[in-house]
$ cat entry_27.cif   # mmCIF, C-alpha atoms
data_structure
#
loop_
_atom_site.label_atom_id
_atom_site.label_comp_id
_atom_site.auth_asym_id
_atom_site.auth_seq_id
_atom_site.Cartn_x
_atom_site.Cartn_y
_atom_site.Cartn_z
CA MET A 1 18.24 44.22 -4.53
CA SER A 2 18.33 41.07 -6.64
CA SER A 3 21.79 40.06 -5.40
CA PRO A 4 21.63 36.37 -4.46
CA SER A 5 20.90 35.67 -0.81
CA ALA A 6 23.30 33.64 1.31
CA PHE A 7 20.66 30.92 1.66
CA GLU A 8 20.03 30.58 -2.08
CA ALA A 9 23.80 30.60 -2.71
CA HIS A 10 24.17 27.82 -0.11
CA VAL A 11 21.44 25.55 -1.51
CA GLY A 12 21.80 26.63 -5.17
CA PRO A 13 22.77 27.46 -7.76
CA ILE A 14 19.31 28.67 -8.81
CA SER A 15 19.11 30.58 -12.13
CA TYR A 16 16.33 33.16 -12.62
CA THR A 17 15.03 34.79 -15.79
CA HIS A 18 12.23 37.32 -16.40
CA ALA A 19 9.84 37.65 -19.31
CA GLY A 20 7.07 40.22 -19.40
CA ASN A 21 5.00 39.94 -16.22
CA GLY A 22 6.45 36.55 -15.22
CA ALA A 23 9.57 35.04 -13.66
CA SER A 24 11.09 31.60 -14.09
CA LEU A 25 13.92 29.51 -12.66
CA THR A 26 16.03 26.49 -13.53
CA PHE A 27 17.68 24.16 -11.02
CA THR A 28 19.18 20.66 -10.97
CA ILE A 29 18.44 18.26 -8.10
CA ASP A 30 21.71 17.12 -6.49
CA ALA A 31 22.45 14.53 -3.76
CA HIS A 32 22.45 17.08 -0.91
CA HIS A 33 18.92 18.29 -1.85
CA LEU A 34 17.31 14.91 -1.18
CA ASN A 35 15.16 13.47 1.59
CA GLY A 36 15.62 10.02 3.12
CA ASP A 37 13.67 8.42 0.27
CA GLY A 38 16.00 9.76 -2.43
CA TYR A 39 13.71 12.49 -3.78
CA ILE A 40 14.01 16.27 -3.49
CA HIS A 41 13.26 17.36 0.10
CA GLY A 42 10.03 19.31 0.63
CA GLY A 43 12.01 22.18 2.12
CA MET A 44 14.13 22.51 -1.03
CA MET A 45 10.97 22.38 -3.16
CA MET A 46 9.40 25.19 -1.11
CA THR A 47 12.66 27.16 -1.29
CA LEU A 48 12.43 27.00 -5.10
CA ALA A 49 8.73 27.93 -5.08
CA SER A 50 9.25 30.90 -2.75
CA GLY A 51 12.39 31.79 -4.70
CA VAL A 52 10.61 32.21 -8.02
CA LEU A 53 7.63 33.94 -6.35
CA GLY A 54 9.99 36.36 -4.58
CA GLU A 55 11.90 37.04 -7.80
CA LEU A 56 8.57 37.83 -9.48
CA ALA A 57 7.61 40.17 -6.62
CA ARG A 58 10.91 42.07 -6.92
CA THR A 59 10.46 42.29 -10.71
CA VAL A 60 6.98 43.83 -10.67
CA SER A 61 7.25 46.02 -7.54
CA GLY A 62 9.03 48.84 -9.38
CA GLY A 63 11.91 49.00 -6.94
CA ALA A 64 9.75 49.10 -3.80
CA PRO A 65 10.73 46.61 -1.05
CA THR A 66 8.68 43.40 -0.96
CA ALA A 67 8.21 40.65 1.62
CA PRO A 68 6.18 37.44 1.70
CA LEU A 69 3.10 37.53 3.95
CA SER A 70 1.95 33.98 3.26
CA VAL A 71 3.00 31.08 1.04
CA ASN A 72 0.95 27.94 0.37
CA CYS A 73 2.53 24.88 -1.24
CA ASP A 74 0.98 21.66 -2.56
CA PHE A 75 3.27 18.66 -3.02
CA VAL A 76 1.86 17.24 -6.26
CA GLY A 77 4.65 14.85 -7.29
CA PRO A 78 8.21 13.72 -6.48
CA GLY A 79 11.46 15.07 -7.96
CA PRO A 80 14.21 12.47 -8.49
CA LYS A 81 17.96 13.13 -8.26
CA ASP A 82 19.51 14.74 -11.38
CA ALA A 83 16.09 15.92 -12.61
CA ALA A 84 16.02 19.33 -14.29
CA VAL A 85 13.57 21.59 -12.45
CA VAL A 86 11.79 24.46 -14.19
CA GLY A 87 9.71 26.92 -12.14
CA LYS A 88 7.34 29.56 -13.48
CA ALA A 89 5.55 32.30 -11.53
CA GLU A 90 2.94 34.83 -12.57
CA VAL A 91 0.91 37.66 -11.07
CA THR A 92 -2.70 36.88 -10.16
CA ARG A 93 -3.52 40.39 -8.96
CA GLN A 94 -1.53 43.47 -7.99
CA THR A 95 -2.75 46.36 -5.84
CA ARG A 96 -0.73 49.31 -4.58
CA THR A 97 0.32 47.45 -1.43
CA VAL A 98 -0.38 43.76 -2.02
CA LEU A 99 0.65 41.25 -4.70
CA PHE A 100 -1.09 37.91 -5.32
CA THR A 101 1.07 35.35 -7.12
CA SER A 102 1.07 31.73 -8.23
CA ALA A 103 3.81 29.33 -9.33
CA GLU A 104 4.42 25.79 -10.48
CA LEU A 105 7.53 23.62 -10.43
CA ARG A 106 8.15 20.77 -12.88
CA ALA A 107 10.86 18.10 -12.64
CA ASP A 108 11.83 16.74 -16.09
CA GLY A 109 8.48 18.09 -17.31
CA LYS A 110 6.33 16.41 -14.64
CA LEU A 111 4.38 18.61 -12.24
CA MET A 112 6.04 18.58 -8.79
CA MET A 113 4.57 21.54 -6.85
CA THR A 114 1.93 24.23 -7.17
CA ALA A 115 2.20 27.27 -4.91
CA THR A 116 0.58 30.62 -4.23
CA GLY A 117 2.06 33.56 -2.37
CA VAL A 118 0.78 36.88 -1.05
CA TYR A 119 3.43 39.61 -0.87
CA ARG A 120 3.50 43.01 0.77
CA ILE A 121 4.71 45.87 -1.47
CA GLY A 122 6.36 48.75 0.38
CA ASP A 123 7.66 49.07 3.93
CA ALA A 124 5.97 47.33 6.86
CA SER A 125 3.94 49.69 9.03
CA MET B 1 29.10 23.74 10.25
CA SER B 2 29.18 23.37 14.01
CA ALA B 3 26.67 25.11 16.21
CA ALA B 4 26.49 24.95 19.97
CA THR B 5 23.51 23.00 21.28
CA PRO B 6 21.23 25.41 23.19
CA GLN B 7 20.80 24.83 26.92
CA GLY B 8 18.22 22.13 27.62
CA PHE B 9 18.14 20.79 24.03
CA PHE B 10 19.82 17.83 22.33
CA SER B 11 21.01 17.75 18.72
CA GLN B 12 18.73 15.66 16.48
CA GLU B 13 20.25 12.77 14.52
CA LEU B 14 19.27 13.87 11.01
CA ILE B 15 18.65 11.35 8.21
CA ASP B 16 17.60 13.50 5.24
CA PRO B 17 20.65 14.86 3.36
CA PHE B 18 18.97 18.26 2.85
CA GLU B 19 18.22 18.63 6.57
CA LYS B 20 21.87 17.84 7.34
CA PHE B 21 22.88 20.45 4.75
CA VAL B 22 20.87 23.28 6.38
CA GLY B 23 20.90 21.91 9.97
CA PRO B 24 21.61 21.19 12.77
CA LEU B 25 18.16 20.85 14.37
CA PHE B 26 17.72 20.72 18.14
CA GLU B 27 14.99 19.18 20.25
CA LYS B 28 13.73 19.13 23.81
CA ASP B 29 10.74 17.84 25.73
CA GLU B 30 8.68 20.50 27.49
CA ASP B 31 6.16 18.77 29.77
CA GLY B 32 5.28 16.29 27.01
CA GLN B 33 5.36 18.87 24.20
CA ARG B 34 8.07 18.25 21.59
CA VAL B 35 10.01 21.46 20.86
CA VAL B 36 12.20 21.53 17.71
CA ALA B 37 14.60 24.42 17.12
CA PHE B 38 17.32 25.88 14.87
CA ARG B 39 19.58 28.88 15.28
CA VAL B 40 19.76 31.40 12.41
CA ASP B 41 23.34 31.45 11.06
CA GLU B 42 25.01 33.14 8.07
CA ARG B 43 24.00 30.37 5.63
CA HIS B 44 20.29 30.95 6.32
CA LEU B 45 20.09 34.67 5.52
CA GLY B 46 17.98 36.32 2.83
CA SER B 47 19.11 38.99 0.38
CA ASP B 48 19.18 41.80 2.99
CA GLY B 49 21.88 39.91 4.92
CA VAL B 50 20.02 40.38 8.22
CA HIS B 51 16.83 38.31 8.21
CA VAL B 52 16.39 34.57 7.68
CA HIS B 53 15.32 33.44 4.17
CA GLU B 54 11.71 32.25 3.85
CA GLY B 55 12.94 28.99 2.27
CA GLN B 56 14.85 28.09 5.44
CA LEU B 57 11.81 28.97 7.58
CA MET B 58 9.54 26.74 5.48
CA THR B 59 12.15 23.95 5.48
CA PHE B 60 12.17 24.20 9.29
CA ALA B 61 8.34 24.14 9.38
CA ASP B 62 8.31 20.99 7.20
CA ALA B 63 11.04 19.25 9.21
CA SER B 64 9.65 20.13 12.64
CA MET B 65 5.99 19.39 11.87
CA GLY B 66 7.25 16.19 10.20
CA CYS B 67 8.74 15.14 13.57
CA THR B 68 5.25 15.24 15.05
CA ALA B 69 3.70 13.52 12.02
CA TYR B 70 6.22 10.67 12.21
CA TRP B 71 7.38 10.25 15.81
CA ASP B 72 3.98 10.94 17.38
CA ASN B 73 2.16 8.59 14.98
CA ASP B 74 3.92 5.33 15.90
CA HIS B 75 6.83 5.97 13.49
CA VAL B 76 4.66 5.29 10.41
CA PRO B 77 6.31 6.84 7.30
CA CYS B 78 4.43 9.81 5.87
CA ALA B 79 4.84 12.49 3.20
CA THR B 80 3.88 16.17 3.07
CA LEU B 81 0.82 16.82 0.90
CA SER B 82 0.35 20.51 1.57
CA LEU B 83 1.91 23.21 3.77
CA GLN B 84 0.73 26.76 4.46
CA VAL B 85 2.62 29.47 6.33
CA SER B 86 2.06 33.07 7.40
CA PHE B 87 5.15 35.14 8.11
CA LEU B 88 4.54 37.32 11.18
CA ARG B 89 8.12 38.55 11.69
CA PHE B 90 11.37 37.41 10.07
CA PRO B 91 13.91 36.22 12.66
CA THR B 92 17.44 37.67 12.49
CA LEU B 93 21.00 36.31 12.68
CA GLY B 94 21.69 34.46 15.93
CA GLU B 95 18.08 34.03 17.06
CA LEU B 96 16.85 30.59 18.21
CA VAL B 97 13.65 29.67 16.34
CA GLU B 98 11.38 27.08 17.98
CA CYS B 99 8.40 25.07 16.71
CA ARG B 100 5.67 23.52 18.82
CA ALA B 101 3.47 21.28 16.67
CA ARG B 102 0.32 19.32 17.39
CA PHE B 103 -2.23 17.18 15.56
CA THR B 104 -5.48 18.95 14.82
CA ARG B 105 -6.94 15.76 13.31
CA LYS B 106 -5.76 12.23 12.51
CA THR B 107 -7.50 9.86 10.15
CA ARG B 108 -6.18 6.47 9.01
CA SER B 109 -4.61 7.97 5.89
CA ILE B 110 -4.33 11.73 6.50
CA LEU B 111 -2.72 13.73 9.33
CA PHE B 112 -3.49 17.40 10.03
CA VAL B 113 -0.60 19.12 11.84
CA GLU B 114 -0.47 22.70 13.08
CA GLY B 115 2.79 24.44 14.04
CA ALA B 116 3.41 27.51 16.20
CA ILE B 117 6.86 28.95 15.43
CA SER B 118 8.34 31.46 17.87
CA VAL B 119 11.46 33.24 19.08
CA GLY B 120 11.22 33.19 22.85
CA ASP B 121 7.62 34.11 23.65
CA GLU B 122 7.10 35.98 20.37
CA PRO B 123 5.21 34.20 17.56
CA VAL B 124 7.09 34.63 14.25
CA MET B 125 5.29 32.20 11.92
CA SER B 126 2.11 30.14 11.93
CA ALA B 127 1.90 26.97 9.87
CA THR B 128 -0.59 24.26 8.95
CA SER B 129 0.10 21.07 7.05
CA LEU B 130 -1.45 17.90 5.63
CA TRP B 131 0.40 14.58 5.60
CA LYS B 132 -0.30 11.34 3.74
CA VAL B 133 0.28 8.23 5.84
CA LEU B 134 2.24 6.00 3.47
CA GLY B 135 0.76 2.55 2.88
CA ALA B 136 -2.66 3.54 4.28
CA ARG B 137 -5.73 3.79 2.05
#
$ encode --input "entry_27.cif" --output "structure tokens"
Amino acid sequence: MSSPSAFEAHVGPISYTHAGNGASLTFTIDAHHLNGDGYIHGGMMMTLASGVLGELARTVSGGAPTAPLSVNCDFVGPGPKDAAVVGKAEVTRQTRTVLFTSAELRADGKLMMTATGVYRIGDAS
Amino acid sequence: MSAATPQGFFSQELIDPFEKFVGPLFEKDEDGQRVVAFRVDERHLGSDGVHVHEGQLMTFADASMGCTAYWDNDHVPCATLSLQVSFLRFPTLGELVECRARFTRKTRSILFVEGAISVGDEPVMSATSLWKVLGAR
């Protein structure tokens, strides 16, 4: 289930790791990830945020299918080309069917994005 | 990656390298309402190989609501401050995904933009966003 998606392979590489009840990622900002101003595009930033949140959801769901219900992203700061991005996600609350999560992304140590996501655990009905 | 332009649309001239990388994006005018669209192709798929990845959907929400924030505000440069989405149904390979966006409020320095994302008549995602008008205080 944690085979890389076509989309993340296309825009990546994105490297994920797990530790305890958290997930993290590393990523380097390349020329094709930028917006017209020369900083990482908001869409790529949100792809990274939802990527690490989704990886966390898969990690803690115990093999049950998961899907995002909502994701909220705040664009706190810019990410310049060649910056090393580190993302960390953690569980806020987990019920039998719903998972509340939060994440932050830093570019060369400076806060770039904060995000929260609500995930469904189990099949849609 | 070439993709046929859907009937009634034109292909947008994209500036941002990332939008070119995941595009193309299409546009049409519908009685004064800007409609921005993309077609789900193999590059956009999530890990199940059937449905579009949420990152591509949010990239599309940012790009399409950004068209309203920029083009419908006298071409004044702006930047995304915050973006919220709810995923109603994940579109599948080959589907044409459309966004109709509108201002819910405009101040001198902040724009509030709401987006309704659909496949045909079916809503698939709802989005809200906040934009900073660059240079304004």
$ interface_residues --input "entry_27.cif" --of "chain B" --to "chain A" --cutoff "10 Å" --atoms "only C-alpha atoms" --output "PyMOL selection string"
chain B and resi 14-22+41-49+52-63+79-90+125-131
$ residues_around --input "entry_27.cif" --residues "Arg106 in chain A" --least-positions-apart "2" --cutoff "6 Å" --atoms "only C-alpha atoms" --output "list in words"
Val85, Val86, Gly109, Lys110, Leu111 and Met112 of chain A
$ residues_around --input "entry_27.cif" --residues "Phe100 in chain A" --least-positions-apart "6" --cutoff "7 Å" --atoms "all atoms listed in the file" --output "ChimeraX atom specification"
/A:91-94,117-119
$ atom_distance --input "entry_27.cif" --atom1 "CA of Ser61 in chain A" --atom2 "CA of Ile121 in chain A"
6.6 Å
$ resolve_selection --input "entry_27.cif" --expression "the PyMOL selection byres ((chain B and resi 135) around 12)" --output "PyMOL selection string"
chain B and resi 76-79+108-110+132-134+136-137
